[in-house]
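Source file: protein_29.cif; contents: mmCIF, C-alpha atoms and all ligand atoms.
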```cif
data_upload
loop_
_atom_site.label_atom_id
_atom_site.label_comp_id
_atom_site.auth_asym_id
_atom_site.auth_seq_id
_atom_site.Cartn_x
_atom_site.Cartn_y
_atom_site.Cartn_z
CA MET A 1 33.62 -14.32 -111.52
CA ALA A 2 30.74 -16.58 -110.47
CA THR A 3 29.55 -14.13 -107.81
CA LYS A 4 30.05 -10.94 -109.80
CA LYS A 5 26.32 -10.88 -110.53
CA TYR A 6 25.72 -10.19 -106.83
CA VAL A 7 27.75 -7.00 -106.74
CA MET A 8 26.01 -4.35 -104.64
CA PRO A 9 26.04 -0.55 -104.89
CA SER A 10 28.79 1.18 -102.89
CA PRO A 11 28.18 0.98 -99.10
CA TYR A 12 28.33 4.81 -99.10
CA THR A 13 25.15 4.86 -101.19
CA ARG A 14 23.28 2.27 -99.08
CA PRO A 15 21.72 2.78 -95.62
CA ARG A 16 24.46 2.61 -93.01
CA CYS A 17 24.74 -0.56 -90.92
CA GLN A 18 23.50 -0.07 -87.38
CA PRO A 19 24.90 -1.79 -84.27
CA PRO A 20 22.68 -4.60 -82.93
CA LYS A 21 20.76 -3.67 -79.77
CA GLU A 22 22.66 -6.46 -77.97
CA ASP A 23 25.91 -4.48 -78.26
CA VAL A 24 25.06 -2.27 -75.31
CA VAL A 25 28.67 -1.20 -74.73
CA TYR A 26 28.98 0.15 -78.28
CA ILE A 27 25.57 1.85 -78.06
CA ARG A 28 26.69 3.54 -74.85
CA HIS A 29 29.87 4.62 -76.64
CA LEU A 30 27.73 6.24 -79.38
CA GLU A 31 25.72 8.09 -76.72
CA ASP A 32 28.94 9.29 -75.07
CA LEU A 33 30.31 10.31 -78.44
CA ALA A 34 27.20 12.29 -79.36
CA CYS A 35 26.79 13.83 -75.87
CA ASN A 36 23.03 13.70 -76.42
CA GLN A 37 21.05 14.93 -73.48
CA LYS A 38 19.12 11.68 -73.11
CA HIS A 39 19.12 11.89 -69.36
CA SER A 40 18.34 14.88 -67.21
CA HIS A 41 21.55 16.49 -66.03
CA VAL A 42 20.33 17.02 -62.52
CA GLU A 43 22.97 15.34 -60.39
CA LEU A 44 21.89 12.60 -57.99
CA GLY A 45 23.54 12.61 -54.56
CA VAL A 46 24.22 9.10 -53.24
CA ALA A 47 25.27 7.49 -49.96
CA ILE A 48 26.72 3.97 -50.20
CA PHE A 49 26.26 1.68 -47.18
CA GLY A 50 28.73 -1.20 -47.04
CA ILE A 51 31.84 -1.32 -49.10
CA GLY A 52 32.60 -5.04 -49.32
CA ARG A 53 32.22 -7.23 -52.42
CA ALA A 54 28.86 -5.89 -53.61
CA GLY A 55 29.43 -2.31 -52.42
CA THR A 56 32.73 -2.12 -54.29
CA ILE A 57 31.03 -3.14 -57.55
CA HIS A 58 28.45 -0.36 -57.12
CA LEU A 59 31.12 2.15 -56.07
CA THR A 60 33.11 1.30 -59.21
CA ASN A 61 30.06 2.02 -61.36
CA LEU A 62 29.17 5.23 -59.54
CA VAL A 63 32.68 6.74 -59.53
CA GLY A 64 32.85 8.91 -62.60
CA ASN A 65 29.17 8.29 -63.47
CA ARG A 66 28.02 11.62 -64.88
CA ARG A 67 24.67 11.42 -63.06
CA ALA A 68 25.96 10.39 -59.62
CA ASN A 69 27.73 12.34 -56.92
CA ILE A 70 29.02 10.05 -54.15
CA LEU A 71 28.44 12.18 -51.06
CA TYR A 72 28.87 9.53 -48.32
CA ILE A 73 30.31 6.10 -47.79
CA VAL A 74 29.17 4.34 -44.63
CA ASP A 75 31.08 1.32 -43.33
CA ASP A 76 32.40 0.21 -39.96
CA ASP A 77 35.80 -0.80 -41.31
CA THR A 78 37.48 2.56 -40.70
CA GLU A 79 40.87 1.41 -41.92
CA LYS A 80 39.32 0.40 -45.27
CA LEU A 81 37.49 3.72 -45.50
CA GLN A 82 40.85 5.52 -45.27
CA ARG A 83 42.38 3.35 -48.00
CA LEU A 84 39.47 3.58 -50.41
CA LYS A 85 39.24 7.37 -50.12
CA VAL A 86 42.82 7.55 -51.38
CA TYR A 87 42.51 4.68 -53.90
CA TRP A 88 39.43 6.19 -55.60
CA ASN A 89 40.56 9.78 -55.11
CA LEU A 90 37.28 10.60 -53.36
CA LYS A 91 38.15 14.14 -52.28
CA ASN A 92 34.56 15.29 -51.75
CA THR A 93 33.12 12.12 -50.25
CA VAL A 94 32.49 11.96 -46.51
CA CYS A 95 33.38 8.55 -45.06
CA ILE A 96 31.56 7.66 -41.85
CA THR A 97 30.71 4.66 -39.68
CA SER A 98 27.21 3.26 -39.14
CA LYS A 99 27.04 5.10 -35.77
CA GLN A 100 27.22 8.36 -37.74
CA GLN A 101 24.79 7.28 -40.50
CA ASP A 102 22.20 9.91 -39.49
CA GLN A 103 24.43 12.51 -41.11
CA ALA A 104 23.84 10.87 -44.51
CA PHE A 105 20.11 10.35 -43.93
CA LYS A 106 19.59 13.97 -42.86
CA ASP A 107 21.56 15.47 -45.73
CA LEU A 108 19.04 16.90 -48.22
CA LYS A 109 21.59 16.57 -51.01
CA VAL A 110 21.39 12.75 -50.74
CA ASN A 111 18.77 11.58 -53.25
CA PHE A 112 19.32 7.86 -52.94
CA ILE A 113 21.17 5.28 -50.94
CA VAL A 114 22.85 2.07 -52.08
CA CYS A 115 22.50 -0.55 -49.37
CA ALA A 116 25.24 -3.18 -49.75
CA SER A 117 25.92 -3.97 -46.10
CA PRO A 118 25.32 -7.49 -44.69
CA THR A 119 21.77 -8.76 -45.17
CA PHE A 120 20.79 -8.58 -41.48
CA THR A 121 21.42 -4.79 -41.53
CA HIS A 122 19.24 -4.04 -44.59
CA GLU A 123 15.85 -3.73 -42.92
CA ASN A 124 16.97 -1.02 -40.52
CA ILE A 125 18.92 0.96 -43.15
CA VAL A 126 16.07 0.76 -45.68
CA LYS A 127 13.51 1.85 -43.04
CA GLN A 128 15.63 4.85 -42.08
CA ALA A 129 16.17 5.79 -45.72
CA ILE A 130 12.44 5.64 -46.49
CA ALA A 131 11.67 7.70 -43.36
CA HIS A 132 14.05 10.35 -44.69
CA LYS A 133 12.49 10.19 -48.20
CA LYS A 134 15.61 8.74 -49.80
CA ALA A 135 15.17 6.38 -52.74
CA VAL A 136 16.73 2.97 -52.04
CA PHE A 137 18.78 0.66 -54.21
CA CYS A 138 19.14 -2.36 -51.90
CA GLU A 139 21.14 -5.50 -52.46
CA LYS A 140 19.11 -8.68 -52.35
CA PRO A 141 17.49 -9.79 -50.14
CA ILE A 142 16.05 -6.56 -48.80
CA ALA A 143 15.04 -8.20 -45.51
CA GLU A 144 15.34 -11.50 -43.68
CA THR A 145 11.69 -12.55 -43.95
CA ILE A 146 8.88 -12.18 -46.49
CA GLU A 147 6.80 -10.22 -43.95
CA LYS A 148 9.62 -7.73 -43.31
CA ALA A 149 10.28 -7.31 -47.04
CA ALA A 150 6.56 -6.76 -47.73
CA ASN A 151 6.43 -4.21 -44.91
CA LEU A 152 9.36 -2.27 -46.42
CA TYR A 153 7.63 -2.16 -49.81
CA GLU A 154 4.46 -0.94 -48.12
CA LEU A 155 6.41 1.80 -46.32
CA ALA A 156 8.09 2.79 -49.60
CA ARG A 157 4.75 2.84 -51.43
CA LYS A 158 3.15 5.06 -48.76
CA ALA A 159 6.16 7.41 -48.75
CA LYS A 160 6.24 7.39 -52.59
CA VAL A 161 9.90 6.41 -52.45
CA PRO A 162 11.42 4.06 -55.09
CA LEU A 163 12.78 0.85 -53.54
CA LEU A 164 14.67 -1.58 -55.76
CA SER A 165 15.62 -5.06 -54.62
CA ALA A 166 18.73 -5.41 -56.75
CA PHE A 167 18.46 -8.69 -58.64
CA ASN A 168 21.34 -8.14 -61.06
CA ARG A 169 20.47 -11.08 -63.34
CA ARG A 170 17.36 -9.21 -64.51
CA PHE A 171 19.74 -6.73 -66.13
CA ASP A 172 22.01 -9.25 -67.84
CA ALA A 173 21.56 -8.87 -71.60
CA SER A 174 21.48 -12.61 -72.35
CA TYR A 175 18.93 -13.45 -69.64
CA LYS A 176 16.85 -10.42 -70.57
CA SER A 177 16.81 -11.58 -74.16
CA VAL A 178 15.66 -15.09 -73.15
CA ARG A 179 12.97 -13.63 -70.89
CA ASP A 180 11.67 -11.20 -73.52
CA ARG A 181 11.65 -13.86 -76.22
CA VAL A 182 9.82 -16.34 -73.99
CA ARG A 183 7.26 -13.61 -73.21
CA GLU A 184 6.89 -12.98 -76.96
CA GLY A 185 6.02 -16.64 -77.45
CA GLU A 186 9.14 -17.81 -79.29
CA VAL A 187 9.17 -21.18 -77.51
CA GLY A 188 5.37 -21.36 -77.26
CA LYS A 189 3.87 -22.63 -74.04
CA VAL A 190 6.70 -23.23 -71.58
CA LEU A 191 7.08 -26.78 -70.29
CA THR A 192 10.28 -26.58 -68.23
CA VAL A 193 12.78 -24.00 -67.01
CA LYS A 194 16.21 -25.06 -65.75
CA VAL A 195 18.60 -22.85 -63.84
CA CYS A 196 22.09 -23.95 -62.95
CA SER A 197 23.78 -21.72 -60.38
CA ARG A 198 27.13 -22.78 -58.95
CA ASP A 199 29.03 -20.24 -56.91
CA SER A 200 32.70 -19.33 -57.29
CA PRO A 201 34.87 -18.79 -55.38
CA LEU A 202 33.73 -20.47 -52.17
CA PRO A 203 32.81 -17.52 -49.88
CA SER A 204 34.60 -17.09 -46.54
CA LEU A 205 33.04 -18.74 -43.49
CA GLU A 206 32.90 -15.28 -41.95
CA TYR A 207 30.59 -14.19 -44.78
CA LEU A 208 28.56 -17.41 -44.79
CA SER A 209 27.86 -17.21 -41.08
CA ILE A 210 26.01 -13.90 -41.57
CA SER A 211 24.72 -14.51 -45.10
CA GLY A 212 21.28 -15.73 -44.02
CA GLY A 213 21.92 -19.20 -45.52
CA ILE A 214 22.10 -20.45 -49.09
CA PHE A 215 18.35 -20.07 -49.77
CA HIS A 216 18.27 -16.38 -48.82
CA ASP A 217 21.72 -15.61 -50.15
CA CYS A 218 21.80 -17.56 -53.45
CA ALA A 219 18.54 -19.33 -54.30
CA VAL A 220 16.67 -16.00 -54.24
CA HIS A 221 18.47 -15.12 -57.51
CA ASP A 222 17.39 -18.38 -59.19
CA ILE A 223 13.80 -18.18 -57.95
CA ASP A 224 13.53 -14.55 -59.06
CA GLN A 225 14.97 -15.45 -62.46
CA ILE A 226 12.44 -18.25 -63.07
CA VAL A 227 9.50 -16.14 -61.86
CA SER A 228 10.61 -13.25 -64.06
CA VAL A 229 10.91 -15.51 -67.14
CA LEU A 230 7.50 -17.15 -66.61
CA GLY A 231 5.60 -14.14 -65.25
CA GLU A 232 3.93 -16.22 -62.57
CA TYR A 233 4.59 -17.49 -59.05
CA PRO A 234 4.89 -21.21 -58.23
CA ILE A 235 2.01 -23.13 -56.67
CA LYS A 236 4.22 -25.95 -55.34
CA VAL A 237 7.86 -25.95 -54.25
CA CYS A 238 10.04 -28.85 -53.16
CA ALA A 239 13.66 -28.55 -52.00
CA LEU A 240 16.37 -31.01 -51.07
CA ALA A 241 19.65 -29.86 -49.57
CA CYS A 242 22.93 -31.31 -48.29
CA SER A 243 26.03 -29.99 -46.59
CA ASN A 244 29.00 -31.76 -48.12
CA ILE A 245 31.52 -29.28 -46.71
CA PRO A 246 32.00 -29.95 -42.96
CA GLU A 247 32.64 -26.30 -42.05
CA ILE A 248 29.38 -25.31 -43.74
CA ARG A 249 27.53 -28.08 -41.88
CA ASP A 250 29.05 -26.74 -38.63
CA ILE A 251 27.44 -23.33 -39.17
CA ASN A 252 24.07 -24.98 -39.88
CA ASP A 253 24.03 -24.17 -43.57
CA VAL A 254 23.99 -26.33 -46.70
CA ASP A 255 26.12 -26.19 -49.85
CA THR A 256 24.26 -28.32 -52.41
CA VAL A 257 20.60 -27.73 -53.23
CA ALA A 258 18.01 -29.04 -55.68
CA ILE A 259 14.71 -27.17 -55.94
CA THR A 260 11.72 -28.10 -58.09
CA MET A 261 8.70 -25.90 -58.66
CA GLN A 262 5.31 -26.30 -60.28
CA PHE A 263 3.41 -23.40 -61.82
CA GLY A 264 -0.29 -22.87 -62.45
CA SER A 265 0.33 -22.76 -66.22
CA GLY A 266 1.66 -26.33 -66.08
CA ALA A 267 5.32 -25.31 -66.35
CA LEU A 268 7.87 -27.06 -64.13
CA ALA A 269 11.18 -25.54 -63.02
CA ALA A 270 14.38 -26.98 -61.57
CA ILE A 271 17.24 -25.23 -59.80
CA ASP A 272 20.62 -26.89 -59.37
CA LEU A 273 22.56 -24.82 -56.84
CA SER A 274 25.99 -25.24 -55.34
CA ARG A 275 28.19 -23.09 -53.08
CA GLN A 276 31.40 -24.10 -54.78
CA CYS A 277 32.32 -24.73 -58.37
CA VAL A 278 35.97 -25.39 -59.18
CA TYR A 279 35.82 -24.46 -62.89
CA GLY A 280 34.34 -20.98 -62.39
CA TYR A 281 31.00 -19.27 -61.89
CA ASP A 282 28.62 -21.69 -63.62
CA GLN A 283 25.42 -19.79 -64.46
CA ARG A 284 23.05 -21.20 -67.07
CA LEU A 285 19.41 -20.83 -68.01
CA GLU A 286 17.29 -23.03 -70.27
CA VAL A 287 13.64 -22.61 -71.22
CA PHE A 288 11.98 -25.51 -73.04
CA GLY A 289 8.60 -25.01 -74.66
CA GLU A 290 6.20 -26.57 -77.14
CA LYS A 291 7.77 -24.69 -80.07
CA GLY A 292 11.45 -25.00 -79.16
CA MET A 293 14.10 -24.11 -76.62
CA LEU A 294 15.97 -20.96 -75.62
CA LYS A 295 19.10 -21.07 -73.51
CA ALA A 296 21.79 -18.78 -72.16
CA GLU A 297 25.11 -20.53 -71.73
CA ASN A 298 28.12 -19.54 -69.65
CA ARG A 299 30.38 -16.75 -70.84
CA CYS A 300 34.14 -16.59 -70.64
CA PRO A 301 36.58 -13.68 -70.72
CA MET A 302 38.59 -15.14 -73.64
CA GLN A 303 35.67 -16.38 -75.72
CA ASN A 304 37.70 -16.09 -78.96
CA VAL A 305 40.78 -18.09 -77.93
CA GLN A 306 41.06 -21.84 -78.47
CA GLN A 307 44.01 -24.17 -78.17
CA PHE A 308 44.25 -27.09 -80.61
CA LEU A 309 46.14 -30.17 -79.36
CA PRO A 310 46.51 -33.67 -80.86
CA ASP A 311 43.97 -35.12 -78.44
CA ALA A 312 41.78 -32.16 -77.52
CA ILE A 313 40.55 -28.67 -78.33
CA LYS A 314 40.76 -26.46 -75.24
CA ALA A 315 38.75 -23.30 -74.66
CA SER A 316 39.39 -20.69 -71.97
CA PRO A 317 37.77 -20.97 -68.53
CA ILE A 318 34.41 -19.35 -67.87
CA TYR A 319 34.16 -16.16 -65.78
CA TYR A 320 35.46 -16.75 -62.26
CA SER A 321 32.84 -14.88 -60.25
CA PHE A 322 29.89 -12.48 -60.16
CA ALA A 323 31.98 -9.28 -60.28
CA SER A 324 33.24 -10.18 -63.77
CA ARG A 325 30.36 -12.31 -65.15
CA TYR A 326 27.74 -9.67 -64.34
CA GLN A 327 29.92 -6.58 -64.69
CA GLU A 328 27.71 -5.09 -67.41
CA ALA A 329 24.48 -6.16 -65.67
CA TYR A 330 25.48 -4.24 -62.51
CA LYS A 331 26.09 -1.15 -64.67
CA GLN A 332 22.70 -1.50 -66.36
CA GLU A 333 21.02 -2.08 -62.99
CA ILE A 334 22.27 1.17 -61.44
CA GLU A 335 21.58 3.10 -64.67
CA HIS A 336 18.02 1.72 -64.65
CA PHE A 337 17.59 2.87 -61.05
CA MET A 338 18.77 6.38 -61.89
CA ASP A 339 16.42 6.40 -64.91
CA VAL A 340 13.54 5.60 -62.54
CA LEU A 341 14.58 8.46 -60.22
CA GLN A 342 14.76 10.86 -63.13
CA GLY A 343 11.43 9.78 -64.62
CA ASN A 344 12.92 8.13 -67.70
CA TYR A 345 11.49 4.68 -67.08
CA PHE A 346 7.94 3.45 -67.15
CA GLN A 347 6.92 0.30 -65.31
CA ASP A 348 6.16 -2.71 -67.48
CA ASP A 349 2.85 -3.97 -66.02
CA ASN A 350 3.74 -7.48 -67.10
CA TYR A 351 6.84 -7.54 -64.90
CA CYS A 352 6.37 -10.29 -62.34
N1 LIG B 1 23.65 -9.13 -56.30
C1 LIG B 1 24.79 -9.73 -56.15
O1 LIG B 1 25.36 -10.24 -57.11
C2 LIG B 1 25.45 -9.78 -54.79
C3 LIG B 1 26.75 -10.26 -54.66
C4 LIG B 1 27.34 -10.27 -53.39
C5 LIG B 1 26.63 -9.82 -52.30
N2 LIG B 1 25.36 -9.40 -52.46
C6 LIG B 1 24.58 -8.90 -51.30
O2 LIG B 1 25.25 -7.72 -50.82
C7 LIG B 1 25.21 -7.65 -49.41
C8 LIG B 1 26.65 -7.53 -48.90
O3 LIG B 1 27.38 -8.68 -49.29
P1 LIG B 1 28.96 -8.61 -49.54
O4 LIG B 1 29.33 -9.89 -50.16
O5 LIG B 1 29.33 -7.34 -50.22
O6 LIG B 1 29.46 -8.58 -48.02
P2 LIG B 1 30.88 -8.14 -47.48
O7 LIG B 1 31.04 -8.83 -46.18
O8 LIG B 1 31.93 -8.32 -48.53
O9 LIG B 1 30.74 -6.55 -47.25
C9 LIG B 1 29.86 -6.01 -46.31
C10 LIG B 1 30.41 -4.64 -45.89
O10 LIG B 1 29.45 -3.97 -45.08
C11 LIG B 1 30.09 -3.38 -43.96
N3 LIG B 1 29.10 -3.18 -42.90
C12 LIG B 1 28.78 -4.01 -41.86
N4 LIG B 1 27.77 -3.47 -41.14
C13 LIG B 1 27.46 -2.28 -41.72
C14 LIG B 1 26.50 -1.27 -41.45
N5 LIG B 1 25.63 -1.39 -40.43
N6 LIG B 1 26.46 -0.18 -42.26
C15 LIG B 1 27.31 -0.05 -43.30
N7 LIG B 1 28.24 -1.00 -43.61
C16 LIG B 1 28.31 -2.09 -42.84
C17 LIG B 1 31.23 -4.34 -43.63
O11 LIG B 1 32.25 -3.68 -42.89
C18 LIG B 1 31.69 -4.74 -45.04
O12 LIG B 1 32.66 -3.85 -45.54
C19 LIG B 1 24.49 -8.92 -48.93
O13 LIG B 1 23.15 -8.57 -48.67
C20 LIG B 1 24.55 -9.86 -50.12
O14 LIG B 1 23.42 -10.71 -50.20
C21 LIG B 1 24.76 -9.35 -53.67
#
```
Taking this structure as input, can you express it in the form of structure tokens?
Ligand SMILES: NC(=O)c1ccc[n+]([C@@H]2O[C@H](COP(=O)([O-])OP(=O)(O)OC[C@H]3O[C@@H](n4cnc5c(N)ncnc54)[C@H](O)[C@@H]3O)[C@@H](O)[C@H]2O)c1
Amino acid sequence: MATKKYVMPSPYTRPRCQPPKEDVVYIRHLEDLACNQKHSHVELGVAIFGIGRAGTIHLTNLVGNRRANILYIVDDDTEKLQRLKVYWNLKNTVCITSKQQDQAFKDLKVNFIVCASPTFTHENIVKQAIAHKKAVFCEKPIAETIEKAANLYELARKAKVPLLSAFNRRFDASYKSVRDRVREGEVGKVLTVKVCSRDSPLPSLEYLSISGGIFHDCAVHDIDQIVSVLGEYPIKVCALACSNIPEIRDINDVDTVAITMQFGSGALAAIDLSRQCVYGYDQRLEVFGEKGMLKAENRCPMQNVQQFLPDAIKASPIYYSFASRYQEAYKQEIEHFMDVLQGNYFQDDNYC
């Protein structure tokens, strides 16, 4: 009775509720439902190089993508190529080894390549792709040194070929929201940024020995994330690192890293990085400013389930690894790239 005075007109007579922009999966469902011709229907031919952990994620997103036609898969593991052709029912995809890669580069139907082979192979593949006027979606890092990466961007610029260094976190909805809100001044002048990045599961030694080391393989994500939030590059960087895992020490790498950075604006940043985290893929971001704080916490697959016990309340574990934690970000990343190729995206000048 007490709330009867608040009765509203029938919802059928009021403006319909709209999904929040954060619910990207539902918004995509609405687009699929309406079959609106938002994107050009010109099909984009693609060749995927490397079909390991990262390549499989991109393959998963490209199979059945209405804009992509997977024309080639290039990998030297011929036995795996056989299996994946059957597993994904890739009747019209040509599977070749890196010795035969020219076939993919010379095919005029290939519009872009996805480079997800080991880091040391990127420079050569990207160079060849640019020389053949193919757009390039390349896993990070695109080369082993700053000079080589800068040279590839220069080549791409001269050839007018899009080249994306695929930093998937930029496409994660929660991080994007923090970044955009920081840029809109919601926390005022930024004082500190903290990134926690602890890997899971521990990668194989085989992978680590060709990964380029933890700074190139992992810290690049954290550095890119901080730079993209702040919109500026650091003026001072300090790093401490240890190898607590003997096998990692034996291959001259480190597994535990602390990085601090100072920026011209006065902001400070800290990265806490580890190769192994036993409770899952711990990925957090916090931005502290004069007006408040914004943070993106971990996510877990069973966010809505809790167990209540006499002495504790237990929640479900966080996501185990990048393939699940960033599943949606990888989808957005490849969609963004295809938008660029089809002229549906305009560069944000403020994008550091
Ligand atoms: N953005 C991310 O979240 C993310 C995650 C994992 C890996 N990566 C990046 O992806 C790249 C690959 O890493 P991964 O973990 O998938 O490695 P991986 O070892 O799982 O897979 C690499 C694959 O490339 C194949 N390969 C080797 N040489 C090749 C060549 N010349 N041409 C074509 N294929 C070749 C191998 O046979 C293997 O199948 C690395 O640069 C890494 O930094 C990015």
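The residue set within 12 Å of Pro246 (chain A), counting all atoms listed in the file and dropping same-chain residues fewer than 6 places from it, reads Leu205, Asn252, Asp253, Val254 and Asp255 of chain A.
The gap separating CA of Gln303 (chain A) from CA of Ala258 (chain A) is 29.6 Å, in Å to one decimal.
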Closest pair table for chain A residues within 7 Å of ligand LIG 1 (chain B), all atoms listed in the file, as a tab-separated table:
```
residue	atom	partner	partner_atom	distance
A:Phe49	CA	B:LIG1	C15	4.4
A:Gly50	CA	B:LIG1	O10	3.5
A:Ile51	CA	B:LIG1	O12	4.4
A:Gly52	CA	B:LIG1	O9	3.2
A:Arg53	CA	B:LIG1	O5	3.6
A:Ala54	CA	B:LIG1	O5	3.7
A:Gly55	CA	B:LIG1	O5	5.5
A:Val74	CA	B:LIG1	C15	4.9
A:Asp75	CA	B:LIG1	N7	3.7
A:Asp76	CA	B:LIG1	O11	4.9
A:Asp77	CA	B:LIG1	O11	4.8
A:Thr97	CA	B:LIG1	C15	6.8
A:Ser98	CA	B:LIG1	N6	4.7
A:Ala116	CA	B:LIG1	C7	4.5
A:Ser117	CA	B:LIG1	O10	3.7
A:Pro118	CA	B:LIG1	C8	4.4
A:Thr119	CA	B:LIG1	O13	3.8
A:Thr121	CA	B:LIG1	N5	5.5
A:Glu139	CA	B:LIG1	O2	5.0
A:Lys140	CA	B:LIG1	O14	5.2
A:Pro141	CA	B:LIG1	O13	6.0
A:Ala166	CA	B:LIG1	N1	6.2
A:Phe167	CA	B:LIG1	N1	5.7
A:Asn168	CA	B:LIG1	N1	5.4
A:Tyr207	CA	B:LIG1	O7	5.6
A:Ser211	CA	B:LIG1	O14	6.5
A:Asp217	CA	B:LIG1	O14	5.2
A:Phe322	CA	B:LIG1	O1	5.9
```
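CA of Ala269 (chain A) to CA of His221 (chain A) spans 13.9 Å [interatomic distance, one decimal].
What separates CA of Val94 (chain A) from CA of Tyr72 (chain A) is a distance of 4.7 Å.
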| Residue nearest Glu328 (chain A) among A:Leu90, A:Ile223, A:Ala149, A:Ala173 (counting only C-alpha atoms) | A:Ala173
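Among the candidate residues A:Glu184, A:Asp23, A:Val340, A:Pro317, the one lying nearest to Leu164 (chain A) is A:Val340, with distances computed using all atoms listed in the file.
Considering the residues A:Leu230, A:Leu273, A:Ala143, A:Ala315 and counting all atoms listed in the file, Val190 (chain A) has its shortest atom-to-atom contact with A:Leu230.
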